[in-house]
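Structure data (compact mmCIF, C-alpha atoms) from work21.txt:
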# COMPACT_ATOMS: atom_id res chain seq x y z
CA MET U 13 167.49 17.12 145.46
CA SER U 14 164.55 14.73 145.24
CA LYS U 15 162.93 13.07 148.25
CA LEU U 16 161.71 9.48 148.60
CA ILE U 17 158.74 8.90 150.92
CA ALA U 18 157.50 5.38 151.73
CA VAL U 19 153.99 4.75 153.09
CA TRP U 20 153.82 1.44 154.95
CA GLY U 21 151.29 0.04 157.41
CA SER U 22 148.96 -2.68 158.52
CA PRO U 23 146.48 -4.29 156.09
CA ASN U 24 143.47 -2.05 155.32
CA SER U 25 145.06 0.98 156.97
CA GLY U 26 144.40 3.13 153.90
CA LYS U 27 147.93 3.15 152.48
CA THR U 28 146.90 3.65 148.86
CA SER U 29 144.36 6.37 149.65
CA PHE U 30 146.87 8.11 151.89
CA THR U 31 149.65 7.93 149.27
CA VAL U 32 147.45 9.30 146.51
CA LYS U 33 146.10 12.16 148.64
CA LEU U 34 149.55 13.06 149.97
CA ALA U 35 150.97 13.06 146.44
CA SER U 36 148.20 15.45 145.38
CA ALA U 37 148.79 17.68 148.40
CA VAL U 38 152.53 17.94 147.73
CA TYR U 39 151.90 18.55 144.02
CA GLU U 40 149.36 21.33 144.66
CA ARG U 41 151.07 22.97 147.61
CA TYR U 42 154.64 23.03 146.34
CA ASN U 43 154.14 23.14 142.56
CA SER U 44 156.42 20.12 142.33
CA THR U 45 156.89 17.15 140.07
CA VAL U 46 155.51 14.17 142.00
CA LEU U 47 155.44 10.44 141.22
CA ALA U 48 153.45 7.84 143.16
CA LEU U 49 154.57 4.21 142.88
CA CYS U 50 152.11 1.48 143.89
CA CYS U 51 153.98 -1.73 144.76
CA ASP U 52 151.11 -4.19 145.07
CA ASP U 53 151.26 -6.95 142.44
CA THR U 54 148.57 -9.00 144.19
CA THR U 55 145.80 -6.40 143.95
CA PRO U 56 147.04 -3.90 141.32
CA ALA U 57 146.15 -0.31 142.19
CA LEU U 58 146.01 1.28 138.74
CA PRO U 59 142.67 -0.32 137.73
CA CYS U 60 141.21 0.99 141.01
CA LEU U 61 142.61 4.51 140.55
CA PHE U 62 141.73 4.79 136.86
CA PRO U 63 138.81 2.43 136.17
CA GLY U 64 137.62 4.55 133.25
CA PHE U 65 140.90 4.35 131.37
CA LYS U 66 141.17 2.10 128.35
CA SER U 67 143.71 -0.72 128.45
CA ASP U 68 146.07 1.13 126.09
CA GLU U 69 146.00 4.16 128.42
CA LEU U 70 147.46 2.22 131.35
CA TYR U 71 151.07 1.07 131.53
CA SER U 72 152.86 -1.32 133.86
CA VAL U 73 155.87 -0.76 136.08
CA GLY U 74 156.65 -4.41 135.37
CA ALA U 75 157.95 -3.38 131.93
CA PRO U 76 160.95 -1.30 133.10
CA LEU U 77 161.64 -3.77 135.91
CA SER U 78 162.01 -6.46 133.23
CA GLN U 79 164.79 -4.63 131.43
CA THR U 80 168.46 -5.43 131.86
CA GLU U 81 169.05 -1.75 132.57
CA ILE U 82 166.26 0.58 133.66
CA THR U 83 166.31 3.76 131.58
CA GLN U 84 164.54 7.05 132.22
CA GLN U 85 162.59 6.66 128.99
CA ALA U 86 161.33 3.19 129.95
CA VAL U 87 160.07 4.58 133.26
CA ILE U 88 158.51 7.63 131.60
CA ASP U 89 156.69 5.29 129.21
CA SER U 90 155.19 3.53 132.27
CA ILE U 91 153.79 6.63 133.98
CA VAL U 92 150.03 7.20 134.01
CA THR U 93 148.81 10.80 134.29
CA ARG U 94 145.49 12.61 134.48
CA LYS U 95 144.56 15.33 132.01
CA GLY U 96 145.87 18.71 133.11
CA LYS U 97 148.31 17.26 135.67
CA VAL U 98 151.30 16.06 133.69
CA ASN U 99 153.66 16.64 136.62
CA LEU U 100 151.71 14.27 138.86
CA GLY U 101 152.17 10.68 137.72
CA TYR U 102 151.38 7.17 138.90
CA LEU U 103 153.12 3.85 138.37
CA GLY U 104 151.93 0.37 139.25
CA TYR U 105 150.61 -2.86 137.85
CA LYS U 106 147.72 -3.26 135.40
CA ASP U 107 144.52 -5.24 135.62
CA GLY U 108 145.17 -8.97 135.40
CA GLU U 109 148.87 -8.76 136.24
CA ASN U 110 150.49 -10.52 139.17
CA ARG U 111 153.98 -11.34 140.43
CA TYR U 112 154.37 -14.05 137.78
CA THR U 113 153.52 -11.80 134.83
CA TYR U 114 157.08 -10.50 134.54
CA PRO U 115 160.51 -12.02 135.22
CA ALA U 116 161.63 -12.01 138.84
CA TYR U 117 163.90 -9.16 139.93
CA ASP U 118 166.12 -8.56 142.93
CA GLU U 119 166.62 -5.74 145.42
CA GLY U 120 169.34 -4.23 143.24
CA LYS U 121 166.85 -3.80 140.38
CA ALA U 122 164.27 -2.32 142.77
CA LYS U 123 166.80 0.24 144.01
CA GLU U 124 167.70 1.04 140.43
CA LEU U 125 164.04 1.83 139.69
CA LEU U 126 163.79 4.07 142.76
CA GLU U 127 166.90 5.97 141.70
CA VAL U 128 165.50 6.57 138.22
CA LEU U 129 162.21 7.77 139.73
CA LYS U 130 164.13 10.20 141.92
CA SER U 131 165.95 11.52 138.88
CA LEU U 132 162.59 12.32 137.28
CA ALA U 133 160.66 13.90 140.16
CA ASP U 134 161.06 16.25 143.09
CA TYR U 135 159.12 13.84 145.29
CA VAL U 136 158.59 10.09 144.94
CA LEU U 137 155.90 8.53 147.13
CA VAL U 138 155.74 4.76 147.42
CA ASP U 139 152.51 2.98 148.31
CA CYS U 140 154.00 -0.08 150.01
CA THR U 141 152.39 -3.44 150.64
CA SER U 142 151.90 -4.51 154.25
CA SER U 143 154.36 -7.35 153.73
CA LEU U 144 157.99 -6.32 153.45
CA ASP U 145 158.53 -9.59 151.58
CA ASN U 146 157.55 -7.53 148.55
CA ILE U 147 160.92 -6.50 147.09
CA LEU U 148 159.82 -3.03 145.96
CA THR U 149 158.30 -2.37 149.38
CA ALA U 150 161.37 -3.53 151.32
CA SER U 151 163.67 -1.46 149.11
CA ALA U 152 161.52 1.64 149.45
CA VAL U 153 161.36 1.39 153.25
CA LYS U 154 165.14 0.94 153.43
CA GLU U 155 165.97 3.72 150.97
CA ALA U 156 163.32 6.27 151.95
CA ASP U 157 164.15 9.68 153.33
CA GLU U 158 160.91 9.44 155.32
CA VAL U 159 158.76 6.42 156.19
CA ILE U 160 155.15 6.99 157.21
CA ARG U 161 153.80 4.02 159.13
CA LEU U 162 149.98 3.85 159.14
CA ALA U 163 147.88 2.06 161.72
CA THR U 164 144.17 1.90 162.43
CA PRO U 165 142.62 1.99 165.91
CA THR U 166 141.74 -1.71 165.76
CA LEU U 167 142.90 -4.91 167.45
CA LYS U 168 143.92 -6.30 164.04
CA SER U 169 146.30 -3.41 163.44
CA ILE U 170 147.76 -3.73 166.92
CA ALA U 171 148.21 -7.49 166.39
CA PHE U 172 149.82 -6.93 162.98
CA PHE U 173 152.56 -4.68 164.31
CA ALA U 174 153.12 -6.81 167.41
CA SER U 175 153.70 -9.74 165.05
CA GLN U 176 155.61 -8.06 162.23
CA LEU U 177 157.80 -5.34 163.71
CA PRO U 178 160.17 -7.84 165.40
CA LEU U 179 160.92 -9.22 161.92
CA TYR U 180 162.31 -5.86 160.87
CA ALA U 181 164.76 -5.17 163.68
CA ASP U 182 167.52 -4.67 161.12
CA PRO U 183 168.53 -0.96 161.28
CA ALA U 184 168.21 -0.85 157.49
CA TYR U 185 164.42 -0.68 157.93
CA GLN U 186 164.73 2.57 159.95
CA CYS U 187 161.85 1.57 162.24
CA GLU U 188 162.92 3.98 164.96
CA ARG U 189 162.59 6.89 162.50
CA HIS U 190 159.13 6.08 161.16
CA ILE U 191 156.48 8.78 161.36
CA LEU U 192 153.48 7.09 162.99
CA GLY U 193 149.98 7.98 161.84
CA LEU U 194 146.57 6.76 162.98
CA ASN U 195 144.01 6.49 160.18
CA CYS U 196 140.33 6.08 161.08
CA THR U 197 138.95 4.14 158.12
CA GLU U 198 135.55 3.21 159.58
CA ALA U 199 132.63 5.23 160.94
CA ASP U 200 129.95 2.57 161.40
CA CYS U 201 131.30 1.31 164.70
CA TYR U 202 133.15 2.60 167.74
CA MET U 203 136.87 2.92 167.16
CA PRO U 204 139.01 3.02 170.33
CA ILE U 205 141.17 5.92 169.17
CA GLU U 206 142.49 6.94 172.59
CA GLU U 207 143.25 3.34 173.51
CA ALA U 208 145.12 2.87 170.23
CA LYS U 209 147.12 6.04 170.80
CA SER U 210 148.08 4.73 174.22
CA HIS U 211 149.23 1.44 172.71
CA PHE U 212 151.16 2.75 169.71
CA LYS U 213 152.61 5.79 171.49
CA GLU U 214 154.35 8.64 169.65
CA ILE U 215 151.48 9.12 167.18
CA SER U 216 152.40 12.10 165.00
CA PHE U 217 149.00 12.62 163.40
CA THR U 218 145.47 11.24 163.40
CA LEU U 219 143.29 11.26 160.30
CA PRO U 220 139.55 11.31 161.03
CA TYR U 221 137.10 9.23 159.06
CA CYS U 222 136.22 10.90 155.75
CA ARG U 223 133.09 9.68 153.99
CA GLU U 224 134.18 11.40 150.77
CA ILE U 225 137.40 9.36 150.67
CA ARG U 226 135.44 6.14 151.19
CA GLN U 227 133.07 7.06 148.35
CA GLN U 228 135.95 7.98 146.05
CA GLY U 229 137.48 4.57 146.70
CA ILE U 230 134.20 2.89 145.78
CA ASP U 231 133.78 5.02 142.63
CA GLY U 232 137.39 4.73 141.48
CA LYS U 233 138.00 8.45 141.95
CA LEU U 234 140.78 8.53 144.54
CA ALA U 235 142.99 10.52 142.17
CA GLU U 236 140.45 13.36 142.21
CA PRO U 237 140.54 16.26 144.74
CA VAL U 238 138.93 16.09 148.18
CA HIS U 239 136.37 18.81 148.90
CA ASP U 240 136.26 18.20 152.67
CA LYS U 241 138.20 21.28 153.82
CA LYS U 242 139.15 19.93 157.25
CA TYR U 243 140.45 16.69 155.76
CA ALA U 244 142.34 18.53 153.02
CA ALA U 245 143.90 20.78 155.67
CA LYS U 246 145.19 17.69 157.50
CA PHE U 247 147.02 16.56 154.38
CA LYS U 248 148.46 20.00 153.80
CA ALA U 249 149.88 19.92 157.33
CA ILE U 250 151.35 16.44 156.77
CA ALA U 251 152.78 17.57 153.43
CA ASP U 252 154.42 20.52 155.13
CA ARG U 253 156.05 18.26 157.68
CA ILE U 254 157.30 15.84 155.04
CA VAL U 255 158.57 18.51 152.67
CA LEU U 256 160.12 20.82 155.22

Kindly transcribe the structure held in the file into structure tokens.
Amino acid sequence: MSKLIAVWGSPNSGKTSFTVKLASAVYERYNSTVLALCCDDTTPALPCLFPGFKSDELYSVGAPLSQTEITQQAVIDSIVTRKGKVNLGYLGYKDGENRYTYPAYDEGKAKELLEVLKSLADYVLVDCTSSLDNILTASAVKEADEVIRLATPTLKSIAFFASQLPLYADPAYQCERHILGLNCTEADCYMPIEEAKSHFKEISFTLPYCREIRQQGIDGKLAEPVHDKKYAAKFKAIADRIVL
């Protein structure tokens, strides 16, 4: 049976980087078929993950979402893969696309897409937007078997959750079941990690700052492996928790 994992969090908490690295960790560690769905239609992720790809090598998740009925083949046609890793695929929006590029869709259509993705892969990871107003994001958080909620040890992240969590008191959002993670995305200034842990409480894991991840993000190479052994070991441990 396939598993749906949603990655949600405050702005700039490293959701896309985390989703991509976790997808790779699950793929490598469990020899599984893994799909990563990037929901952002404001800043599309695919051009950032695959900047060297030609326009005809990238496909848009907006295409299957525009269909009256979402078929497996339409979704397969929208998956982007890297050479040598056909069982690790990515879906999202292309360069220049936005929420007005395709016809509007409702939560029912979003759930339909998630179900088709689950029929195609052992694990589906969803890189959610910070705003649950995004229909794909809201549907993923509601339907997920596991929700990983990312925060950073910053006042902005604390303020974001203090402001937004009350909006999602509906049990459908499963907030009480979220796995909380602290992601240190900066190294150039002091980050009050212990203070943040005290505020957020029940932190399940803390990811240290990784310069290699930052550089990969700059170079458009997030889909490539991480050579930092300690950092890679962290993701293996998180993958084990999610999978098992």

What's around region 145-153 of chain U at 7 Å? Count all atoms listed in the file, leave out sequence neighbours fewer than 6 positions away in its own chain, and write the answer as a list of chain:residue names.
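Everything that qualifies: U:Ala18, U:Cys51, U:Asp118, U:Glu119, U:Ala122, U:Lys123, U:Val138, U:Val159, U:Tyr185.
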
Figure out the distance between CA of Ala35 (chain U) and CA of Ala244 (chain U), please, to one decimal in Å.
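Between CA of Ala244 (chain U) and CA of Ala35 (chain U) the gap works out to 12.2 Å.
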
Contacts of Ala249 (chain U) within 12 Å, all atoms listed in the file, excl. fewer than 2 positions in-chain, as an MDAnalysis selection string:
chainID U and resid 34 37:38 41 216:219 242:247 251:256

Restricting it to C-alpha atoms, dump the selection as a JSON list (two decimals), keeping the file's coordinate frame.
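The resulting file, result_37.json, is reproduced below:
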[["chain", "number", "residue", "atom", "x", "y", "z"],
["U", 34, "LEU", "CA", 149.55, 13.06, 149.97],
["U", 37, "ALA", "CA", 148.79, 17.68, 148.40],
["U", 38, "VAL", "CA", 152.53, 17.94, 147.73],
["U", 41, "ARG", "CA", 151.07, 22.97, 147.61],
["U", 216, "SER", "CA", 152.40, 12.10, 165.00],
["U", 217, "PHE", "CA", 149.00, 12.62, 163.40],
["U", 218, "THR", "CA", 145.47, 11.24, 163.40],
["U", 219, "LEU", "CA", 143.29, 11.26, 160.30],
["U", 242, "LYS", "CA", 139.15, 19.93, 157.25],
["U", 243, "TYR", "CA", 140.45, 16.69, 155.76],
["U", 244, "ALA", "CA", 142.34, 18.53, 153.02],
["U", 245, "ALA", "CA", 143.90, 20.78, 155.67],
["U", 246, "LYS", "CA", 145.19, 17.69, 157.50],
["U", 247, "PHE", "CA", 147.02, 16.56, 154.38],
["U", 251, "ALA", "CA", 152.78, 17.57, 153.43],
["U", 252, "ASP", "CA", 154.42, 20.52, 155.13],
["U", 253, "ARG", "CA", 156.05, 18.26, 157.68],
["U", 254, "ILE", "CA", 157.30, 15.84, 155.04],
["U", 255, "VAL", "CA", 158.57, 18.51, 152.67],
["U", 256, "LEU", "CA", 160.12, 20.82, 155.22]]

Report, in Å to a single decimal, how far apart CA of Ala171 (chain U) and CA of His190 (chain U) are.
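Here the two named atoms are 18.2 Å from each other.
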
Check the smallest atom-to-atom distance from each of U:Ala57, U:Ile17, U:Leu103, U:Ala75 to Gly229 (chain U) using all atoms listed in the file, then report the winner.
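Selected residue with least distance to Gly229 (chain U): U:Ala57.
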
Find the residues near region 178-180 of chain U: any atom within 10 Å, counting all atoms listed in the file, skip ones fewer than 6 places away on the same chain, and give them as a PyMOL selection string.
chain U and resi 144+150+186-187

How many Å lie between CA of Thr28 (chain U) and CA of Ala181 (chain U), rounded to one decimal?
24.8 Å

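In this comparison, which uses only C-alpha atoms, the residue of U:Glu214, U:Glu69, U:Glu207, U:Glu198 approaching Lys95 (chain U) most closely is U:Glu69.
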
As an mmCIF file with C-alpha atoms, in the frame of the given file, please: the residues near region 232-237 of chain U (cut-off 6 Å, all atoms listed in the file, same-chain neighbours under 4 positions excluded).
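Below is the file that was written, around-v6.cif:
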data_model
loop_
_atom_site.group_PDB
_atom_site.id
_atom_site.type_symbol
_atom_site.label_atom_id
_atom_site.label_comp_id
_atom_site.auth_asym_id
_atom_site.auth_seq_id
_atom_site.Cartn_x
_atom_site.Cartn_y
_atom_site.Cartn_z
ATOM 1 C CA CYS U 60 141.210 0.990 141.010
ATOM 2 C CA LEU U 61 142.610 4.510 140.550
ATOM 3 C CA PRO U 63 138.810 2.430 136.170
ATOM 4 C CA GLN U 228 135.950 7.980 146.050
#

I'd like the contact shell of Lys27 (chain U) - 8 Å cut-off, only C-alpha atoms, skipping same-chain residues fewer than 5 positions apart - returned as a list in words.
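Within the cut-off, the hits are Val19, Trp20, Gly21, Asp139, Cys140 and Leu162 of chain U.
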
Best match for closeness to Pro220 (chain U) among U:Cys196, U:Ile160, U:Ala208, U:Val238, counting all atoms listed in the file
U:Cys196

Which residue gives the smallest distance to Asp89 (chain U) among U:Leu167, U:Ile225, U:Leu70, U:Ile191, with all atoms listed in the file counted?
U:Leu70

Can you tell me, as a ChimeraX atom specification, which residues sit within 10 Å of (164.8, 13.0, 139.7) in the file's frame, using only C-alpha atoms?
/U:13-15,45-47,84,126-136

Once you count only C-alpha atoms, which residues end up no further than 12 Å from (145.1, 6.3, 171.6) in the file's frame, shown as a list in words?
Ala163, Thr164, Pro165, Thr166, Ile170, Gly193, Leu194, Asn195, Cys196, Met203, Pro204, Ile205, Glu206, Glu207, Ala208, Lys209, Ser210, His211, Phe212, Lys213, Glu214, Ile215, Ser216, Phe217 and Thr218 of chain U

Output as a PDB file, in the coordinates of the input: region 92-122 of chain U, completed with N, CA and C atoms.
ATOM      1  N   VAL U  92     151.422   6.871 134.344  1.00  0.00           N
ATOM      2  CA  VAL U  92     150.030   7.200 134.010  1.00  0.00           C
ATOM      3  C   VAL U  92     149.721   8.572 134.605  1.00  0.00           C
ATOM      4  N   THR U  93     149.159   9.459 133.809  1.00  0.00           N
ATOM      5  CA  THR U  93     148.810  10.800 134.290  1.00  0.00           C
ATOM      6  C   THR U  93     147.348  11.109 134.002  1.00  0.00           C
ATOM      7  N   ARG U  94     146.844  12.102 134.731  1.00  0.00           N
ATOM      8  CA  ARG U  94     145.490  12.610 134.480  1.00  0.00           C
ATOM      9  C   ARG U  94     145.593  13.881 133.657  1.00  0.00           C
ATOM     10  N   LYS U  95     144.578  14.144 132.858  1.00  0.00           N
ATOM     11  CA  LYS U  95     144.560  15.330 132.010  1.00  0.00           C
ATOM     12  C   LYS U  95     144.730  16.592 132.848  1.00  0.00           C
ATOM     13  N   GLY U  96     145.647  17.443 132.429  1.00  0.00           N
ATOM     14  CA  GLY U  96     145.870  18.710 133.110  1.00  0.00           C
ATOM     15  C   GLY U  96     146.862  18.631 134.253  1.00  0.00           C
ATOM     16  N   LYS U  97     147.361  17.417 134.570  1.00  0.00           N
ATOM     17  CA  LYS U  97     148.310  17.260 135.670  1.00  0.00           C
ATOM     18  C   LYS U  97     149.473  16.374 135.230  1.00  0.00           C
ATOM     19  N   VAL U  98     150.218  16.864 134.256  1.00  0.00           N
ATOM     20  CA  VAL U  98     151.300  16.060 133.690  1.00  0.00           C
ATOM     21  C   VAL U  98     152.462  15.886 134.642  1.00  0.00           C
ATOM     22  N   ASN U  99     152.560  16.742 135.650  1.00  0.00           N
ATOM     23  CA  ASN U  99     153.660  16.640 136.620  1.00  0.00           C
ATOM     24  C   ASN U  99     153.291  15.835 137.854  1.00  0.00           C
ATOM     25  N   LEU U 100     152.139  15.176 137.798  1.00  0.00           N
ATOM     26  CA  LEU U 100     151.710  14.270 138.860  1.00  0.00           C
ATOM     27  C   LEU U 100     151.413  12.925 138.211  1.00  0.00           C
ATOM     28  N   GLY U 101     152.309  11.960 138.419  1.00  0.00           N
ATOM     29  CA  GLY U 101     152.170  10.680 137.720  1.00  0.00           C
ATOM     30  C   GLY U 101     152.091   9.495 138.661  1.00  0.00           C
ATOM     31  N   TYR U 102     151.578   8.393 138.123  1.00  0.00           N
ATOM     32  CA  TYR U 102     151.380   7.170 138.900  1.00  0.00           C
ATOM     33  C   TYR U 102     151.991   5.986 138.153  1.00  0.00           C
ATOM     34  N   LEU U 103     152.594   5.086 138.931  1.00  0.00           N
ATOM     35  CA  LEU U 103     153.120   3.850 138.370  1.00  0.00           C
ATOM     36  C   LEU U 103     152.617   2.677 139.193  1.00  0.00           C
ATOM     37  N   GLY U 104     152.377   1.566 138.532  1.00  0.00           N
ATOM     38  CA  GLY U 104     151.930   0.370 139.250  1.00  0.00           C
ATOM     39  C   GLY U 104     151.675  -0.750 138.264  1.00  0.00           C
ATOM     40  N   TYR U 105     150.915  -1.714 138.702  1.00  0.00           N
ATOM     41  CA  TYR U 105     150.610  -2.860 137.850  1.00  0.00           C
ATOM     42  C   TYR U 105     149.196  -2.734 137.281  1.00  0.00           C
ATOM     43  N   LYS U 106     148.988  -3.348 136.110  1.00  0.00           N
ATOM     44  CA  LYS U 106     147.720  -3.260 135.400  1.00  0.00           C
ATOM     45  C   LYS U 106     146.768  -4.388 135.804  1.00  0.00           C
ATOM     46  N   ASP U 107     145.546  -4.234 135.372  1.00  0.00           N
ATOM     47  CA  ASP U 107     144.520  -5.240 135.620  1.00  0.00           C
ATOM     48  C   ASP U 107     144.944  -6.587 135.046  1.00  0.00           C
ATOM     49  N   GLY U 108     144.839  -7.626 135.854  1.00  0.00           N
ATOM     50  CA  GLY U 108     145.170  -8.970 135.400  1.00  0.00           C
ATOM     51  C   GLY U 108     146.610  -9.379 135.628  1.00  0.00           C
ATOM     52  N   GLU U 109     147.472  -8.431 135.997  1.00  0.00           N
ATOM     53  CA  GLU U 109     148.870  -8.760 136.240  1.00  0.00           C
ATOM     54  C   GLU U 109     149.072  -9.258 137.662  1.00  0.00           C
ATOM     55  N   ASN U 110     150.119 -10.040 137.846  1.00  0.00           N
ATOM     56  CA  ASN U 110     150.490 -10.520 139.170  1.00  0.00           C
ATOM     57  C   ASN U 110     152.002 -10.713 139.202  1.00  0.00           C
ATOM     58  N   ARG U 111     152.521 -11.249 140.283  1.00  0.00           N
ATOM     59  CA  ARG U 111     153.980 -11.340 140.430  1.00  0.00           C
ATOM     60  C   ARG U 111     154.630 -12.310 139.445  1.00  0.00           C
ATOM     61  N   TYR U 112     153.820 -13.118 138.757  1.00  0.00           N
ATOM     62  CA  TYR U 112     154.370 -14.050 137.780  1.00  0.00           C
ATOM     63  C   TYR U 112     154.271 -13.528 136.349  1.00  0.00           C
ATOM     64  N   THR U 113     153.693 -12.346 136.168  1.00  0.00           N
ATOM     65  CA  THR U 113     153.520 -11.800 134.830  1.00  0.00           C
ATOM     66  C   THR U 113     154.849 -11.425 134.190  1.00  0.00           C
ATOM     67  N   TYR U 114     155.777 -10.956 135.031  1.00  0.00           N
ATOM     68  CA  TYR U 114     157.080 -10.500 134.540  1.00  0.00           C
ATOM     69  C   TYR U 114     158.192 -11.321 135.190  1.00  0.00           C
ATOM     70  N   PRO U 115     159.381 -11.298 134.615  1.00  0.00           N
ATOM     71  CA  PRO U 115     160.510 -12.020 135.220  1.00  0.00           C
ATOM     72  C   PRO U 115     160.791 -11.512 136.633  1.00  0.00           C
ATOM     73  N   ALA U 116     161.281 -12.397 137.477  1.00  0.00           N
ATOM     74  CA  ALA U 116     161.630 -12.010 138.840  1.00  0.00           C
ATOM     75  C   ALA U 116     162.783 -11.009 138.828  1.00  0.00           C
ATOM     76  N   TYR U 117     162.809 -10.126 139.816  1.00  0.00           N
ATOM     77  CA  TYR U 117     163.900  -9.160 139.930  1.00  0.00           C
ATOM     78  C   TYR U 117     164.380  -9.137 141.373  1.00  0.00           C
ATOM     79  N   ASP U 118     165.557  -8.574 141.584  1.00  0.00           N
ATOM     80  CA  ASP U 118     166.120  -8.560 142.930  1.00  0.00           C
ATOM     81  C   ASP U 118     166.106  -7.150 143.516  1.00  0.00           C
ATOM     82  N   GLU U 119     166.635  -7.027 144.734  1.00  0.00           N
ATOM     83  CA  GLU U 119     166.620  -5.740 145.420  1.00  0.00           C
ATOM     84  C   GLU U 119     167.457  -4.704 144.672  1.00  0.00           C
ATOM     85  N   GLY U 120     168.515  -5.151 144.019  1.00  0.00           N
ATOM     86  CA  GLY U 120     169.340  -4.230 143.240  1.00  0.00           C
ATOM     87  C   GLY U 120     168.539  -3.567 142.134  1.00  0.00           C
ATOM     88  N   LYS U 121     167.689  -4.345 141.449  1.00  0.00           N
ATOM     89  CA  LYS U 121     166.850  -3.800 140.380  1.00  0.00           C
ATOM     90  C   LYS U 121     165.792  -2.855 140.964  1.00  0.00           C
ATOM     91  N   ALA U 122     165.252  -3.193 142.126  1.00  0.00           N
ATOM     92  CA  ALA U 122     164.270  -2.320 142.770  1.00  0.00           C
ATOM     93  C   ALA U 122     164.886  -0.974 143.135  1.00  0.00           C
TER      94      ALA U 122
END
